[in-house]
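Student: What follows is coords17.txt; its format and atoms are compact mmCIF, C-alpha atoms.
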# COMPACT_ATOMS: atom_id res chain seq x y z
CA MET B 4 -178.22 -13.23 118.25
CA ASP B 5 -180.74 -13.67 121.10
CA SER B 6 -179.84 -13.45 124.78
CA GLU B 7 -179.66 -17.23 125.25
CA GLU B 8 -177.13 -17.60 122.45
CA GLN B 9 -175.10 -14.65 123.75
CA LEU B 10 -174.98 -16.14 127.24
CA LYS B 11 -173.93 -19.49 125.77
CA GLU B 12 -171.14 -17.82 123.77
CA LEU B 13 -169.89 -15.91 126.84
CA GLY B 14 -170.03 -19.13 128.86
CA SER B 15 -167.89 -20.88 126.25
CA THR B 16 -165.35 -18.01 126.27
CA LEU B 17 -165.21 -18.13 130.07
CA SER B 18 -164.64 -21.91 129.97
CA SER B 19 -161.66 -21.37 127.66
CA ILE B 20 -160.30 -18.73 130.03
CA GLU B 21 -160.76 -21.07 133.02
CA GLN B 22 -158.81 -23.75 131.18
CA VAL B 23 -155.92 -21.43 130.29
CA LEU B 24 -155.74 -19.96 133.81
CA ASP B 25 -155.81 -23.47 135.35
CA LEU B 26 -158.16 -22.81 138.27
CA ASP B 27 -157.28 -26.07 140.04
CA GLY B 28 -153.60 -25.11 139.89
CA MET B 29 -154.48 -21.67 141.27
CA ARG B 30 -156.38 -23.27 144.16
CA ARG B 31 -153.40 -25.53 144.98
CA GLU B 32 -150.99 -22.59 144.94
CA ILE B 33 -153.34 -20.53 147.12
CA ALA B 34 -153.43 -23.37 149.68
CA GLU B 35 -149.60 -23.57 149.69
CA LEU B 36 -149.21 -19.79 150.03
CA ARG B 37 -151.75 -19.66 152.87
CA GLU B 38 -149.70 -22.29 154.69
CA GLN B 39 -146.50 -20.27 154.13
CA SER B 40 -148.13 -17.01 155.26
CA ALA B 41 -149.28 -18.68 158.50
CA ASP B 42 -145.66 -19.53 159.38
CA PRO B 43 -144.47 -16.94 161.94
CA ASP B 44 -140.86 -17.34 160.70
CA LEU B 45 -141.85 -16.03 157.27
CA TRP B 46 -141.58 -12.40 158.42
CA SER B 47 -137.92 -12.83 159.38
CA ASP B 48 -137.34 -12.28 155.65
CA GLN B 49 -139.41 -9.17 154.86
CA GLU B 50 -138.83 -9.27 151.10
CA ARG B 51 -139.90 -12.92 150.78
CA ALA B 52 -142.88 -12.34 153.09
CA GLN B 53 -144.09 -9.44 150.94
CA LYS B 54 -143.72 -11.55 147.78
CA VAL B 55 -145.73 -14.38 149.33
CA THR B 56 -148.52 -12.10 150.57
CA ARG B 57 -148.67 -10.16 147.27
CA ARG B 58 -148.85 -13.38 145.26
CA LEU B 59 -151.52 -14.81 147.58
CA SER B 60 -153.62 -11.64 147.40
CA TYR B 61 -153.32 -11.59 143.60
CA LEU B 62 -154.31 -15.27 143.15
CA GLU B 63 -157.26 -14.96 145.56
CA SER B 64 -158.43 -11.89 143.65
CA GLU B 65 -158.06 -13.59 140.24
CA LEU B 66 -159.83 -16.76 141.37
CA GLY B 67 -162.61 -14.72 142.96
CA LYS B 68 -162.97 -12.73 139.73
CA VAL B 69 -163.39 -15.87 137.57
CA GLU B 70 -165.73 -17.60 140.01
CA GLY B 71 -167.72 -14.37 140.35
CA LEU B 72 -168.15 -14.11 136.56
CA ARG B 73 -169.37 -17.72 136.38
CA GLN B 74 -171.93 -16.97 139.10
CA ARG B 75 -173.03 -13.76 137.33
CA LEU B 76 -173.58 -15.67 134.08
CA ASP B 77 -175.86 -18.11 135.91
CA ASP B 78 -177.69 -15.24 137.60
CA ALA B 79 -178.14 -13.42 134.25
CA ALA B 80 -179.71 -16.54 132.72
CA THR B 81 -182.10 -16.70 135.68
CA LEU B 82 -182.94 -13.01 135.27
CA TYR B 83 -183.83 -13.48 131.55
CA GLU B 84 -186.00 -16.46 132.46
CA LEU B 85 -187.79 -14.37 135.09
CA ALA B 86 -188.33 -11.53 132.58
CA ARG B 87 -189.92 -13.98 130.10
CA GLU B 88 -192.17 -15.58 132.71
CA MET B 89 -193.35 -12.21 134.04
CA ASP B 90 -193.29 -10.51 130.62
CA ASP B 91 -191.55 -7.65 132.45
CA ALA B 92 -189.73 -5.06 130.28
CA GLU B 93 -187.95 -3.56 133.30
CA THR B 94 -186.45 -6.91 134.34
CA ARG B 95 -185.50 -7.55 130.70
CA ALA B 96 -183.69 -4.20 130.54
CA GLU B 97 -181.84 -5.02 133.77
CA ALA B 98 -180.78 -8.39 132.30
CA ASP B 99 -179.60 -6.71 129.05
CA GLU B 100 -177.52 -4.25 131.09
CA GLU B 101 -175.91 -7.09 133.06
CA LEU B 102 -175.22 -9.02 129.84
CA GLU B 103 -173.30 -6.07 128.40
CA ALA B 104 -171.35 -5.61 131.66
CA LEU B 105 -170.49 -9.33 131.61
CA ARG B 106 -169.29 -9.11 128.02
CA LYS B 107 -166.85 -6.31 128.94
CA SER B 108 -165.61 -8.10 132.08
CA ILE B 109 -165.01 -11.38 130.24
CA GLN B 110 -163.22 -9.58 127.40
CA GLN B 111 -160.93 -7.90 129.94
CA LEU B 112 -160.18 -11.26 131.59
CA GLU B 113 -159.53 -12.83 128.19
CA ILE B 114 -156.72 -10.29 127.70
CA ARG B 115 -154.81 -12.02 130.52
CA THR B 116 -154.71 -15.26 128.54
CA LEU B 117 -152.90 -13.44 125.70
CA MET B 118 -149.92 -12.67 127.96
CA SER B 119 -147.69 -15.70 127.50
CA GLY B 120 -144.27 -14.08 126.92
CA GLU B 121 -141.26 -15.23 128.95
CA TYR B 122 -141.37 -12.21 131.28
CA ASP B 123 -145.06 -11.21 130.98
CA SER B 124 -145.94 -12.48 134.46
CA ARG B 125 -143.31 -10.22 136.10
CA GLU B 126 -143.71 -6.96 137.95
CA ALA B 127 -142.75 -3.88 135.92
CA LEU B 128 -140.15 -1.15 136.19
CA ILE B 129 -141.10 2.09 134.44
CA THR B 130 -138.73 4.94 133.60
CA ILE B 131 -140.05 8.22 132.19
CA ASN B 132 -137.71 10.84 130.67
CA ALA B 133 -138.59 14.35 129.51
CA GLN B 134 -137.51 14.74 125.87
CA ALA B 135 -137.86 17.65 123.38
CA GLY B 136 -139.98 20.58 124.55
CA GLY B 137 -138.12 22.27 127.40
CA VAL B 138 -140.16 23.06 130.51
CA ASP B 139 -143.33 21.74 128.81
CA ALA B 140 -141.66 18.37 128.31
CA ALA B 141 -140.65 18.23 131.99
CA ASP B 142 -144.23 19.07 133.00
CA TRP B 143 -145.49 16.44 130.54
CA ALA B 144 -143.20 13.78 132.03
CA GLU B 145 -144.66 14.50 135.46
CA GLN B 146 -148.22 14.25 134.09
CA LEU B 147 -147.37 10.84 132.61
CA GLN B 148 -145.96 9.66 135.93
CA ARG B 149 -149.22 10.67 137.62
CA MET B 150 -151.26 8.93 134.88
CA TYR B 151 -149.57 5.57 135.45
CA LEU B 152 -149.61 5.88 139.24
CA ARG B 153 -153.35 6.69 139.08
CA TRP B 154 -153.90 3.71 136.75
CA ALA B 155 -152.13 1.42 139.24
CA GLU B 156 -154.12 2.92 142.12
CA ARG B 157 -157.40 2.29 140.28
CA HIS B 158 -156.46 -1.39 139.97
CA GLY B 159 -155.18 -1.71 143.54
CA TYR B 160 -151.59 -2.34 142.37
CA PRO B 161 -148.84 -1.27 144.82
CA THR B 162 -146.20 1.09 143.41
CA GLU B 163 -142.83 2.30 144.65
CA ILE B 164 -140.98 5.34 143.32
CA TYR B 165 -137.23 4.72 143.29
CA GLU B 166 -136.00 8.01 141.91
CA THR B 167 -137.30 11.34 140.67
CA SER B 168 -135.09 14.03 139.21
CA TYR B 169 -136.95 17.37 139.36
CA ALA B 170 -136.59 20.04 136.69
CA GLU B 171 -135.68 23.58 137.77
CA GLU B 172 -138.82 25.45 136.68
CA ALA B 173 -141.54 22.79 136.75
CA GLY B 174 -142.07 19.07 136.26
CA ILE B 175 -139.43 16.34 136.25
CA LYS B 176 -136.43 15.40 134.14
CA SER B 177 -136.88 11.70 134.88
CA THR B 178 -138.43 9.17 137.23
CA THR B 179 -138.22 5.42 137.86
CA PHE B 180 -140.91 3.48 139.70
CA ALA B 181 -142.09 -0.11 140.10
CA VAL B 182 -145.60 -1.49 139.62
CA LYS B 183 -145.61 -4.41 142.05
CA ALA B 184 -148.32 -6.65 140.64
CA PRO B 185 -148.14 -9.98 138.78
CA TYR B 186 -148.37 -9.49 134.99
CA ALA B 187 -147.63 -5.77 135.33
CA TYR B 188 -144.88 -6.10 132.70
CA GLY B 189 -147.05 -8.08 130.28
CA THR B 190 -149.82 -5.53 130.79
CA LEU B 191 -147.71 -2.39 130.38
CA ARG B 192 -144.96 -3.36 127.93
CA GLY B 193 -146.95 -1.93 125.00
CA GLU B 194 -146.70 1.51 126.66
CA HIS B 195 -142.96 1.57 125.87
CA GLY B 196 -142.12 4.42 123.48
CA THR B 197 -142.54 8.16 122.99
CA HIS B 198 -145.70 9.94 124.11
CA ARG B 199 -146.47 13.28 122.36
CA LEU B 200 -148.47 16.14 123.89
CA VAL B 201 -149.96 19.06 121.94
CA ARG B 202 -151.48 21.91 123.97
CA ILE B 203 -151.46 25.64 124.67
CA SER B 204 -148.38 25.97 126.87
CA PRO B 205 -149.12 27.20 130.40
CA PHE B 206 -145.48 28.36 130.48
CA ASP B 207 -145.72 30.58 127.37
CA ASN B 208 -146.89 34.13 128.19
CA GLN B 209 -148.03 34.53 124.57
CA GLY B 210 -150.32 31.48 124.84
CA ARG B 211 -148.80 29.63 121.89
CA ARG B 212 -149.36 25.99 121.06
CA GLN B 213 -146.50 23.75 122.15
CA THR B 214 -145.59 20.18 121.21
CA SER B 215 -143.59 18.24 123.80
CA PHE B 216 -142.36 14.68 124.14
CA ALA B 217 -141.64 12.20 126.93
CA GLY B 218 -140.11 8.75 126.58
CA LEU B 219 -141.36 5.71 128.50
CA ASP B 220 -139.21 2.64 129.15
CA VAL B 221 -140.86 -0.52 130.54
CA VAL B 222 -138.78 -3.50 131.70
CA PRO B 223 -139.53 -6.64 133.74
CA VAL B 224 -138.29 -6.86 137.32
CA VAL B 225 -135.40 -9.33 137.67
CA GLU B 226 -135.76 -12.50 139.72
CA GLN B 227 -133.16 -14.75 141.36
CA SER B 228 -133.32 -17.20 138.43
CA ASP B 229 -132.19 -14.48 136.00
CA HIS B 230 -128.52 -14.43 135.11
CA VAL B 231 -127.10 -11.02 134.27
CA ASP B 232 -123.31 -10.67 134.36
CA ILE B 233 -122.18 -7.22 135.53
CA ASP B 234 -118.48 -6.48 135.82
CA GLU B 235 -117.84 -4.05 138.68
CA ASN B 236 -115.11 -2.46 136.51
CA ASP B 237 -117.82 -1.47 134.01
CA LEU B 238 -119.63 0.64 136.60
CA ARG B 239 -119.26 4.27 137.65
CA ILE B 240 -121.01 4.88 140.97
CA ASP B 241 -121.79 8.41 142.16
CA VAL B 242 -123.43 9.42 145.43
CA TYR B 243 -125.31 12.68 145.85
CA ARG B 244 -127.92 14.40 147.97
CA SER B 245 -131.55 13.73 147.03
CA SER B 246 -133.44 16.77 145.79
CA GLY B 247 -137.10 17.71 145.69
CA PRO B 248 -139.14 20.18 143.64
CA GLY B 249 -137.43 23.53 143.21
CA GLY B 250 -134.04 22.04 144.02
CA GLN B 251 -134.66 21.71 147.77
CA GLY B 252 -132.68 19.00 149.56
CA VAL B 253 -134.72 16.04 150.76
CA ASN B 254 -132.00 14.23 152.69
CA THR B 255 -129.33 15.82 154.82
CA THR B 256 -126.81 13.13 153.82
CA ASP B 257 -125.40 12.08 150.45
CA SER B 258 -127.37 8.83 150.35
CA ALA B 259 -128.76 8.88 146.79
CA VAL B 260 -126.89 6.62 144.35
CA ARG B 261 -126.41 6.91 140.59
CA ILE B 262 -124.89 3.98 138.67
CA THR B 263 -123.62 4.31 135.10
CA HIS B 264 -123.02 1.11 133.11
CA ILE B 265 -120.15 2.34 130.93
CA PRO B 266 -120.36 -0.22 128.04
CA THR B 267 -124.06 0.49 127.34
CA GLY B 268 -124.41 4.03 128.70
CA ILE B 269 -127.38 2.96 130.85
CA VAL B 270 -127.78 5.22 133.91
CA VAL B 271 -129.95 4.29 136.90
CA SER B 272 -130.53 6.10 140.19
CA CYS B 273 -132.24 5.47 143.51
CA GLN B 274 -132.91 7.97 146.29
CA ASN B 275 -135.99 6.70 148.12
CA GLU B 276 -134.23 4.41 150.63
CA ARG B 277 -132.81 5.69 153.91
CA SER B 278 -129.24 4.48 153.44
CA GLN B 279 -126.67 4.61 150.67
CA ILE B 280 -126.31 0.79 150.86
CA GLN B 281 -130.06 0.25 150.32
CA ASN B 282 -130.15 2.77 147.46
CA ARG B 283 -127.19 1.05 145.80
CA ALA B 284 -128.86 -2.39 146.09
CA THR B 285 -132.11 -1.05 144.56
CA ALA B 286 -130.23 0.76 141.78
CA MET B 287 -128.34 -2.46 140.96
CA ASN B 288 -131.68 -4.31 140.67
CA VAL B 289 -132.95 -1.65 138.26
CA LEU B 290 -129.72 -1.88 136.22
CA GLN B 291 -130.04 -5.68 136.05
CA ALA B 292 -133.63 -5.33 134.82
CA LYS B 293 -132.61 -2.90 132.08
CA LEU B 294 -129.68 -5.11 130.98
CA LEU B 295 -131.95 -8.17 130.97
CA GLU B 296 -134.44 -6.38 128.71
CA ARG B 297 -131.62 -5.19 126.45
CA LYS B 298 -130.38 -8.79 126.15
CA ARG B 299 -133.90 -10.00 125.34
CA GLN B 300 -134.32 -7.37 122.62
CA GLU B 301 -130.93 -8.25 121.08
CA GLU B 302 -131.92 -11.94 120.98
CA GLU B 303 -135.24 -11.06 119.31
CA GLU B 304 -133.44 -8.94 116.71
CA LYS B 305 -131.03 -11.81 115.92
CA LEU B 306 -133.95 -14.20 115.43
CA SER B 307 -135.72 -11.66 113.22
CA ALA B 308 -132.57 -11.27 111.11
CA LEU B 309 -132.32 -15.06 110.70
CA ARG B 310 -135.96 -15.15 109.58
CA GLY B 311 -135.28 -12.31 107.16
CA GLU B 312 -137.60 -9.96 109.04
CA GLY B 313 -137.09 -6.30 109.91
CA THR B 314 -136.42 -4.99 113.36
CA THR B 315 -138.71 -6.12 116.18
CA SER B 316 -139.13 -2.63 117.64
CA TRP B 317 -142.51 -0.97 117.11
CA GLY B 318 -141.25 2.53 116.40
CA THR B 319 -140.73 5.21 118.99
CA GLN B 320 -143.78 7.51 118.88
CA ILE B 321 -146.75 5.52 120.05
CA ARG B 322 -149.47 7.93 121.16
CA ASN B 323 -150.64 11.50 120.64
CA TYR B 324 -152.39 13.47 123.38
CA VAL B 325 -153.97 16.54 121.73
CA LEU B 326 -155.54 19.17 124.01
CA HIS B 327 -155.69 21.99 121.43
CA PRO B 328 -157.23 22.93 118.96
CA TYR B 329 -159.41 19.84 119.59
CA GLN B 330 -159.31 17.17 122.30
CA ILE B 331 -158.34 13.60 121.50
CA VAL B 332 -155.91 10.87 122.55
CA LYS B 333 -154.98 8.52 119.71
CA ASP B 334 -152.75 5.45 119.61
CA LEU B 335 -150.72 5.40 116.40
CA ARG B 336 -150.43 1.57 116.29
CA THR B 337 -153.88 0.28 117.22
CA GLY B 338 -155.94 3.28 116.05
CA VAL B 339 -157.78 3.48 119.40
CA GLU B 340 -159.10 7.01 120.00
CA VAL B 341 -160.57 8.58 123.14
CA GLY B 342 -162.17 12.04 123.10
CA ASN B 343 -161.71 12.69 126.82
CA PRO B 344 -158.00 13.42 127.52
CA SER B 345 -158.76 14.45 131.13
CA ALA B 346 -159.99 10.93 131.96
CA VAL B 347 -157.00 9.36 130.19
CA LEU B 348 -154.55 11.55 132.10
CA ASP B 349 -156.35 10.55 135.30
CA GLY B 350 -155.42 6.91 134.65
CA GLU B 351 -158.25 5.62 132.46
CA ILE B 352 -155.97 3.89 129.94
CA ASP B 353 -157.29 0.29 129.97
CA GLU B 354 -158.82 0.63 126.49
CA PHE B 355 -155.39 1.52 125.06
CA ILE B 356 -153.62 -1.21 127.04
CA GLU B 357 -156.03 -3.98 126.01
CA ALA B 358 -155.76 -3.02 122.33
CA GLU B 359 -151.94 -2.98 122.62
CA ILE B 360 -151.86 -6.48 124.14
CA ARG B 361 -153.96 -7.85 121.26
CA TRP B 362 -151.82 -5.93 118.73
CA LEU B 363 -148.56 -7.23 120.18
CA ARG B 364 -149.87 -10.80 120.31
CA GLN B 365 -150.87 -10.61 116.62
CA ARG B 366 -147.43 -9.27 115.66
CA GLU B 367 -145.62 -11.92 117.67
CA ALA B 368 -147.80 -14.71 116.26
CA ALA B 369 -147.27 -13.54 112.64
Mind turning the file's structure into structure tokens?

Tutor:
Amino acid sequence: MDSEEQLKELGSTLSSIEQVLDLDGMRREIAELREQSADPDLWSDQERAQKVTRRLSYLESELGKVEGLRQRLDDAATLYELAREMDDAETRAEADEELEALRKSIQQLEIRTLMSGEYDSREALITINAQAGGVDAADWAEQLQRMYLRWAERHGYPTEIYETSYAEEAGIKSTTFAVKAPYAYGTLRGEHGTHRLVRISPFDNQGRRQTSFAGLDVVPVVEQSDHVDIDENDLRIDVYRSSGPGGQGVNTTDSAVRITHIPTGIVVSCQNERSQIQNRATAMNVLQAKLLERKRQEEEEKLSALRGEGTTSWGTQIRNYVLHPYQIVKDLRTGVEVGNPSAVLDGEIDEFIEAEIRWLRQREAA
């Protein structure tokens, strides 16, 4: 396929994306949000103000991204024309390089159009728990937390850590944090499951190979329109003093809150807020999100049973991170492999995420 045909094909793909994203609708919403953000009374409600400004920033970024790609396609066509007229190999090479970069950018944008689930547009709540593997598993859970926080940082997505329970020797027992960006849940929900690490243990004085596991739970953030009934009698609420690495106290008061939902056994905690009341409110939001996701999964399983299908879960172990005797990160569902674990653990996980989104869409459409 020559460059002209490739540009035409990319232009057609971008047109389909523009149609799905509804650029005119985005422009109208941006105008409305700009009007709201200019109202000085908006900041009397901090939470609403932050939602408005985050949504506005996101839409402006998305619109700019699409419009920028359309402009780059036009510029690439001009560059190829210039290369032909001048018979210049250097200009042609520059145009080829831009064409390949455009292909990747448009493919990444196309992924967004595959996220059409009921909660896909929501922000995400992520909980990581150390599983089998002792101190190595706790260290592994902390590495995973860093990986996702670095991934969010690379994309400019705000995050907020609600709770971290530190292990005694190293690493963490568990952590819960939010990724506060539109479509964070739709983007990250394929990361749900067990992540397996194989390496020479830095905690083993005999230098033996150790396999450790950490579980990742991804749920959508609840909104006011969601209805989740929680009976106060079903809750056990404990307050305690926040702790840091090595067991040191972070707060001088017992302001951290742990809520146990007795019927389901779901336990949530929050310790990042200054007061016990704020920590309780945040923990209740996390509990609502987890119960909402549980309800959604139960409904999916009922529908699957009616259709005569098996369970809708995708299995627990989703990805292997092997650092010894060779180096590779491999997804067990999509088959995506990366030979540079250091980059992956530093947050370069988009290749895995994009393949997961396509894989999930194919499963849900089947």

Student: Give me, as a ChimeraX atom specification, all polymer residues having an atom no more than 9 Å from stretch 348-365 of chain B, counting all atoms listed in the file and skipping those fewer than 5 positions away in the same chain.

Tutor: /B:111,114-115,117-119,146-147,149-157,189-194,333-334,336-341,343

Student: Find the residue from B:Gly71, B:Glu121, B:Ala184, B:Gln9 that sits nearest to B:Gln53; use only C-alpha atoms when measuring.

Tutor: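 Answer, going by the shortest atom-to-atom distance: B:Ala184.
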
Student: Just the number, please: distance in Å from atom CA of B:Arg261 to atom CA of B:Ser124, one decimal.

Tutor: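 Pair atom CA of B:Arg261 / atom CA of B:Ser124 returns 28.2 Å.
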
Student: Report, in Å to a single decimal, how far apart atom CA of B:Thr94 and atom CA of B:Leu82 are.

Tutor: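 Rounded to one decimal, the two atoms are 7.1 Å apart.
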
Student: I'd like the neighbourhood of B:Ser204 as a PyMOL selection string, where a residue qualifies if any of its atoms comes within 7 Å (using all atoms listed in the file), though same-chain residues fewer than 4 positions away should be ignored.

Tutor: chain B and resi 139+210-213

Student: Would you list the contacts of B:Arg322 as a count of residues only, taking every protein, DNA or RNA residue within 8 Å and counting all atoms listed in the file, but skipping same-chain residues closer than 4 positions in sequence?

Tutor: 7

Student: Which one is closest to B:Thr16: B:Leu326, B:Ile109, B:Leu66, B:Ala52? Count all atoms listed in the file.

Tutor: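 That would be B:Ile109, the residue with the smallest distance to B:Thr16.
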
Student: Could you tell me which of B:Arg95, B:His327, B:Lys293, B:Lys54 comes closest to B:Tyr83 if we count all atoms listed in the file?

Tutor: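 For B:Tyr83, the nearest of the candidates is B:Arg95.
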
Student: So that I can check the surroundings of B:Asp257, please list as a list in words every protein, DNA and RNA residue that reaches within 8 Å of it, counting only C-alpha atoms and ignoring chain neighbours fewer than 3 positions away.

Tutor: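 Near B:Asp257, the qualifying residues are Val242, Tyr243, Arg244, Ser245, Asn254 and Gln279 of chain B.
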
Student: Taking 3 positions as the minimum chain separation for residues in the same chain, which residues sit within 8 Å of B:Ala181 when counting all atoms listed in the file? Answer as an MDAnalysis selection string.

Tutor: chainID B and resid 126:129 162:165

Student: Go ahead and compute the interatomic distance for atom CA of B:Ala292 and atom CA of B:Ile33, in Å to one decimal.

Tutor: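 For atom CA of B:Ala292 relative to atom CA of B:Ile33, the distance reads 27.8 Å.
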
Student: Considering all atoms listed in the file, state which residue in the set B:Leu290, B:Ala41, B:Leu200, B:Ala86 is at the smallest distance from B:Thr267.

Tutor: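 Checking each of B:Leu290, B:Ala41, B:Leu200, B:Ala86 against B:Thr267, counting all atoms listed in the file, the winner is B:Leu290.
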
Student: Which residues, protein or nucleic acid, reach to within 10 Å of (-128.7, 0.8, 138.9) in the file's coordinates when using only C-alpha atoms, and can you give that as a ChimeraX atom specification?

Tutor: /B:238,240,260-264,269-273,282-294

Student: Using all atoms listed in the file, which residue out of B:Asp142, B:Glu276, B:Glu21, B:Glu93 lies closest to B:Phe206?

Tutor: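 Closest candidate: B:Asp142.
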